[in-house]
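Before any comments, here is the structure.
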Amino acid sequence: MKIIVTGKNIAISDKIQDAIDKKFEKLGKYFADDIQAKVLIHPEKAKVKVEATIVTKGTIFRAEDVAQDVFDCIDTVADKLLTQMSKYKGKLMKRHKGKESIKFEMIPEAPAAEETRVVKTKKFQLMPMTVDDAILQMEMLQHNFFVFLDTETDSVNVVYKRNDNDYGLLETEH
């Protein structure tokens, strides 16, 4: 696995690089050599934020943490990624049966968890609207996301409220 470390408004020291390499080396044994792990480190107020993304065929593992100490963040992010891999091992094995992008036999088994199930289904008619109209509708409904038919692109999109109180847009492709 190739690890790409980027610092945004922060210098990546050799000590930080070594800590990331050491932690992600443990995760690297679960993936083929052509997989990339992207790690972004940047200051956030009086703390530091570490974000990591590993993209495999059909699956994205992503974790982030904010703390006073960058090394605590690195440990937490690596642990979160390992937990995600363990939790989705069964689903990934079914989806990627026989493919070499992930070495499933090496991922530890997840602790026994309840089976995921759909407990409610809603049907609604997609309304053509602009992104701004969709955000307004989402706010009026007091939801944290809203699915709509974008009048500009004629595709089904989703607007959502981010943790920083800004908005995000998920655009679909055909």
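Lettering and numbering for the structure tokens are positional, with chains as A, B, ... in the shown order, residues counted from 1 in each chain, and ligands counted from 1 in the shown order.
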Can you tell me, as a VMD selection string, what residues are no more than 12 Å from Asp69 of chain A when counting only C-alpha atoms, ignoring any on the same chain fewer than 2 positions away? chain A and resid 16 41 to 44 46 to 50 65 to 67 71 to 76
Just all heavy atoms for this one: save the residues we selected as a compact mmCIF listing (two decimals), in the first residue's frame.
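Printed below is result-v1.txt as written:
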```
# COMPACT_ATOMS: atom_id res chain seq x y z
N ILE A 16 6.35 12.59 12.55
CA ILE A 16 4.94 12.38 12.17
C ILE A 16 4.86 11.38 11.02
O ILE A 16 4.04 10.46 11.05
CB ILE A 16 4.28 13.71 11.79
CG1 ILE A 16 4.15 14.63 13.01
CG2 ILE A 16 2.90 13.47 11.16
CD1 ILE A 16 3.66 16.03 12.70
N ILE A 41 -3.34 16.15 7.07
CA ILE A 41 -3.21 16.70 8.41
C ILE A 41 -3.29 18.21 8.31
O ILE A 41 -2.61 18.82 7.48
CB ILE A 41 -1.87 16.30 9.05
CG1 ILE A 41 -1.74 14.77 9.10
CG2 ILE A 41 -1.73 16.90 10.45
CD1 ILE A 41 -0.40 14.28 9.59
N HIS A 42 -4.16 18.81 9.13
CA HIS A 42 -4.26 20.27 9.12
C HIS A 42 -4.73 20.77 10.49
O HIS A 42 -5.45 20.08 11.20
CB HIS A 42 -5.18 20.78 8.01
CG HIS A 42 -6.57 20.25 8.05
ND1 HIS A 42 -7.58 20.89 8.70
CD2 HIS A 42 -7.11 19.13 7.51
CE1 HIS A 42 -8.70 20.19 8.56
NE2 HIS A 42 -8.45 19.12 7.85
N PRO A 43 -4.28 21.98 10.85
CA PRO A 43 -4.70 22.55 12.13
C PRO A 43 -6.18 22.94 12.08
O PRO A 43 -6.69 23.33 11.04
CB PRO A 43 -3.80 23.78 12.30
CG PRO A 43 -3.27 24.08 10.96
CD PRO A 43 -3.34 22.84 10.14
N GLU A 44 -6.83 22.80 13.22
CA GLU A 44 -8.23 23.20 13.34
C GLU A 44 -8.39 23.86 14.71
O GLU A 44 -8.41 23.17 15.72
CB GLU A 44 -9.14 21.98 13.20
CG GLU A 44 -10.59 22.36 13.09
CD GLU A 44 -11.46 21.20 12.65
OE1 GLU A 44 -11.48 20.89 11.45
OE2 GLU A 44 -12.11 20.61 13.52
N ALA A 46 -7.35 25.29 17.96
CA ALA A 46 -6.16 25.02 18.77
C ALA A 46 -5.75 23.55 18.72
O ALA A 46 -4.89 23.11 19.47
CB ALA A 46 -6.43 25.43 20.21
N LYS A 47 -6.37 22.80 17.82
CA LYS A 47 -6.13 21.36 17.73
C LYS A 47 -5.60 21.00 16.35
O LYS A 47 -5.36 21.87 15.52
CB LYS A 47 -7.42 20.59 18.03
CG LYS A 47 -7.95 20.85 19.42
CD LYS A 47 -9.20 20.08 19.68
CE LYS A 47 -9.70 20.34 21.10
NZ LYS A 47 -10.86 19.54 21.41
N VAL A 48 -5.44 19.71 16.11
CA VAL A 48 -5.01 19.23 14.80
C VAL A 48 -6.00 18.16 14.35
O VAL A 48 -6.52 17.40 15.16
CB VAL A 48 -3.56 18.68 14.84
CG1 VAL A 48 -3.46 17.45 15.72
CG2 VAL A 48 -3.04 18.39 13.46
N LYS A 49 -6.25 18.14 13.05
CA LYS A 49 -7.19 17.17 12.48
C LYS A 49 -6.44 16.26 11.51
O LYS A 49 -5.67 16.73 10.68
CB LYS A 49 -8.31 17.90 11.73
CG LYS A 49 -9.39 16.99 11.18
CD LYS A 49 -10.52 17.81 10.59
CE LYS A 49 -11.69 16.95 10.20
NZ LYS A 49 -12.81 17.75 9.71
N VAL A 50 -6.69 14.97 11.63
CA VAL A 50 -6.11 13.97 10.73
C VAL A 50 -7.26 13.27 10.02
O VAL A 50 -8.17 12.76 10.67
CB VAL A 50 -5.24 12.95 11.50
CG1 VAL A 50 -4.74 11.87 10.57
CG2 VAL A 50 -4.09 13.64 12.20
N ASP A 65 -10.12 12.37 12.88
CA ASP A 65 -10.12 12.64 14.31
C ASP A 65 -9.51 14.02 14.55
O ASP A 65 -8.66 14.46 13.78
CB ASP A 65 -9.32 11.57 15.07
CG ASP A 65 -9.49 11.70 16.58
OD1 ASP A 65 -10.64 11.88 17.03
OD2 ASP A 65 -8.48 11.64 17.30
N VAL A 66 -9.97 14.67 15.60
CA VAL A 66 -9.44 15.97 16.00
C VAL A 66 -9.01 15.86 17.46
O VAL A 66 -9.77 15.38 18.29
CB VAL A 66 -10.51 17.09 15.86
CG1 VAL A 66 -9.97 18.42 16.31
CG2 VAL A 66 -11.03 17.17 14.45
N ALA A 67 -7.76 16.28 17.74
CA ALA A 67 -7.26 16.22 19.11
C ALA A 67 -6.13 17.23 19.28
O ALA A 67 -5.68 17.84 18.31
CB ALA A 67 -6.76 14.81 19.45
N PHE A 71 -0.26 12.71 17.30
CA PHE A 71 0.00 11.27 17.40
C PHE A 71 -1.22 10.51 17.94
O PHE A 71 -1.48 9.38 17.54
CB PHE A 71 1.25 11.02 18.25
CG PHE A 71 2.47 11.66 17.65
CD1 PHE A 71 2.98 12.84 18.15
CD2 PHE A 71 3.09 11.09 16.54
CE1 PHE A 71 4.09 13.43 17.58
CE2 PHE A 71 4.20 11.68 15.96
CZ PHE A 71 4.70 12.86 16.48
N ASP A 72 -1.97 11.15 18.85
CA ASP A 72 -3.23 10.56 19.31
C ASP A 72 -4.21 10.43 18.14
O ASP A 72 -4.92 9.44 18.01
CB ASP A 72 -3.86 11.40 20.42
CG ASP A 72 -3.09 11.32 21.73
OD1 ASP A 72 -2.28 10.38 21.89
OD2 ASP A 72 -3.29 12.22 22.58
N CYS A 73 -4.25 11.46 17.29
CA CYS A 73 -5.13 11.44 16.11
C CYS A 73 -4.76 10.29 15.18
O CYS A 73 -5.63 9.59 14.67
CB CYS A 73 -5.03 12.75 15.34
SG CYS A 73 -5.92 14.11 16.06
N ILE A 74 -3.47 10.14 14.94
CA ILE A 74 -3.01 9.08 14.04
C ILE A 74 -3.43 7.71 14.57
O ILE A 74 -3.95 6.87 13.82
CB ILE A 74 -1.48 9.16 13.84
CG1 ILE A 74 -1.11 10.44 13.09
CG2 ILE A 74 -0.96 7.92 13.10
CD1 ILE A 74 0.37 10.78 13.10
N ASP A 75 -3.24 7.48 15.87
CA ASP A 75 -3.65 6.21 16.48
C ASP A 75 -5.14 5.98 16.34
O ASP A 75 -5.59 4.89 15.96
CB ASP A 75 -3.27 6.19 17.97
CG ASP A 75 -1.77 6.13 18.19
OD1 ASP A 75 -1.03 5.80 17.25
OD2 ASP A 75 -1.35 6.43 19.34
N THR A 76 -5.93 7.01 16.64
CA THR A 76 -7.39 6.88 16.59
C THR A 76 -7.87 6.61 15.16
O THR A 76 -8.73 5.76 14.94
CB THR A 76 -8.06 8.16 17.14
OG1 THR A 76 -7.59 8.38 18.46
CG2 THR A 76 -9.56 8.04 17.13
```
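Counting only C-alpha atoms and comparing A:Val131, A:Val5, A:Ala11, A:Val77, the residue that lies closest to Lys23 of chain A is A:Val77.
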Per DSSP on the backbone, filter segment 13-167 of chain A down to the residues in strand (DSSP E or B) and report them as number ranges by chain. A: 31, 36-44, 47-56, 59-67, 102, 128-129, 145-150, 156-161, 167
Could you take the residues named above and write them with N, CA and C atoms, as a compact mmCIF listing (two decimals), in the first residue's frame?
```txt
# COMPACT_ATOMS: atom_id res chain seq x y z
N PHE A 31 -4.19 -5.02 2.15
CA PHE A 31 -4.47 -4.54 0.80
C PHE A 31 -3.36 -4.94 -0.16
N GLN A 36 -3.86 2.99 -2.52
CA GLN A 36 -3.31 4.19 -1.92
C GLN A 36 -4.08 4.58 -0.66
N ALA A 37 -3.33 5.01 0.34
CA ALA A 37 -3.93 5.60 1.53
C ALA A 37 -3.55 7.07 1.52
N LYS A 38 -4.53 7.95 1.55
CA LYS A 38 -4.28 9.38 1.55
C LYS A 38 -4.55 9.91 2.96
N VAL A 39 -3.54 10.57 3.54
CA VAL A 39 -3.65 11.11 4.88
C VAL A 39 -3.46 12.62 4.79
N LEU A 40 -4.42 13.37 5.31
CA LEU A 40 -4.35 14.83 5.32
C LEU A 40 -4.32 15.30 6.77
N ILE A 41 -3.34 16.15 7.07
CA ILE A 41 -3.21 16.70 8.41
C ILE A 41 -3.29 18.21 8.31
N HIS A 42 -4.16 18.81 9.13
CA HIS A 42 -4.26 20.27 9.12
C HIS A 42 -4.73 20.77 10.49
N PRO A 43 -4.28 21.98 10.85
CA PRO A 43 -4.70 22.55 12.13
C PRO A 43 -6.18 22.94 12.08
N GLU A 44 -6.83 22.80 13.22
CA GLU A 44 -8.23 23.20 13.34
C GLU A 44 -8.39 23.86 14.71
N LYS A 47 -6.37 22.80 17.82
CA LYS A 47 -6.13 21.36 17.73
C LYS A 47 -5.60 21.00 16.35
N VAL A 48 -5.44 19.71 16.11
CA VAL A 48 -5.01 19.23 14.80
C VAL A 48 -6.00 18.16 14.35
N LYS A 49 -6.25 18.14 13.05
CA LYS A 49 -7.19 17.17 12.48
C LYS A 49 -6.44 16.26 11.51
N VAL A 50 -6.69 14.97 11.63
CA VAL A 50 -6.11 13.97 10.73
C VAL A 50 -7.26 13.27 10.02
N GLU A 51 -7.21 13.27 8.68
CA GLU A 51 -8.20 12.59 7.87
C GLU A 51 -7.48 11.55 7.02
N ALA A 52 -8.02 10.35 6.93
CA ALA A 52 -7.41 9.30 6.12
C ALA A 52 -8.48 8.64 5.25
N THR A 53 -8.11 8.37 4.00
CA THR A 53 -9.02 7.73 3.06
C THR A 53 -8.27 6.62 2.32
N ILE A 54 -8.87 5.45 2.28
CA ILE A 54 -8.33 4.33 1.51
C ILE A 54 -9.42 3.91 0.54
N VAL A 55 -9.15 4.04 -0.76
CA VAL A 55 -10.12 3.69 -1.79
C VAL A 55 -9.73 2.36 -2.41
N THR A 56 -10.63 1.40 -2.33
CA THR A 56 -10.43 0.11 -2.99
C THR A 56 -11.51 -0.04 -4.05
N THR A 59 -15.22 0.15 -2.60
CA THR A 59 -15.36 0.48 -1.19
C THR A 59 -14.41 1.60 -0.82
N ILE A 60 -14.87 2.49 0.04
CA ILE A 60 -14.04 3.57 0.55
C ILE A 60 -14.01 3.47 2.07
N PHE A 61 -12.81 3.39 2.61
CA PHE A 61 -12.64 3.45 4.06
C PHE A 61 -12.18 4.87 4.38
N ARG A 62 -12.86 5.53 5.32
CA ARG A 62 -12.51 6.90 5.66
C ARG A 62 -12.67 7.10 7.15
N ALA A 63 -11.69 7.79 7.74
CA ALA A 63 -11.75 8.09 9.17
C ALA A 63 -11.09 9.44 9.42
N GLU A 64 -11.53 10.10 10.46
CA GLU A 64 -10.92 11.38 10.84
C GLU A 64 -11.00 11.53 12.35
N ASP A 65 -10.12 12.37 12.88
CA ASP A 65 -10.12 12.64 14.31
C ASP A 65 -9.51 14.02 14.55
N VAL A 66 -9.97 14.67 15.60
CA VAL A 66 -9.44 15.97 16.00
C VAL A 66 -9.01 15.86 17.46
N ALA A 67 -7.76 16.28 17.74
CA ALA A 67 -7.26 16.22 19.11
C ALA A 67 -6.13 17.23 19.28
N ILE A 102 -8.22 -6.77 -2.02
CA ILE A 102 -8.16 -6.83 -0.56
C ILE A 102 -7.84 -8.25 -0.15
N PRO A 128 -38.65 18.33 -9.14
CA PRO A 128 -37.58 19.08 -9.81
C PRO A 128 -37.38 20.42 -9.12
N MET A 129 -36.12 20.73 -8.76
CA MET A 129 -35.82 22.00 -8.09
C MET A 129 -34.33 22.28 -8.18
N PHE A 145 -30.75 15.83 5.50
CA PHE A 145 -30.49 15.58 4.09
C PHE A 145 -31.80 15.68 3.31
N PHE A 146 -31.69 15.83 1.99
CA PHE A 146 -32.88 15.93 1.16
C PHE A 146 -32.55 15.44 -0.25
N VAL A 147 -33.37 14.53 -0.77
CA VAL A 147 -33.19 13.97 -2.11
C VAL A 147 -34.10 14.74 -3.06
N PHE A 148 -33.54 15.13 -4.22
CA PHE A 148 -34.33 15.92 -5.17
C PHE A 148 -33.85 15.68 -6.59
N LEU A 149 -34.67 16.10 -7.56
CA LEU A 149 -34.32 16.04 -8.97
C LEU A 149 -33.80 17.42 -9.37
N ASP A 150 -32.52 17.50 -9.69
CA ASP A 150 -31.87 18.78 -10.02
C ASP A 150 -32.34 19.25 -11.39
N VAL A 156 -30.79 12.84 -10.14
CA VAL A 156 -31.18 12.75 -8.74
C VAL A 156 -29.95 13.10 -7.89
N ASN A 157 -30.10 14.08 -7.01
CA ASN A 157 -29.02 14.53 -6.16
C ASN A 157 -29.48 14.57 -4.71
N VAL A 158 -28.52 14.73 -3.80
CA VAL A 158 -28.81 14.82 -2.38
C VAL A 158 -28.06 16.01 -1.81
N VAL A 159 -28.75 16.89 -1.07
CA VAL A 159 -28.09 17.92 -0.30
C VAL A 159 -28.11 17.45 1.15
N TYR A 160 -27.07 17.82 1.90
CA TYR A 160 -27.01 17.41 3.29
C TYR A 160 -26.33 18.48 4.14
N LYS A 161 -26.65 18.47 5.42
CA LYS A 161 -26.07 19.41 6.38
C LYS A 161 -24.81 18.78 6.94
N TYR A 167 -23.25 23.13 3.90
CA TYR A 167 -24.03 22.14 3.17
C TYR A 167 -23.14 21.39 2.19
```
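Here atom CA of Ala19 of chain A is placed at a distance of 9.7 Å from atom CA of Val70 of chain A.
Nearest-residue note for Met127 of chain A: choosing from A:Asn163, A:Ser86, A:Gln68, A:Thr151, the minimum distance belongs to A:Thr151, counting only C-alpha atoms.
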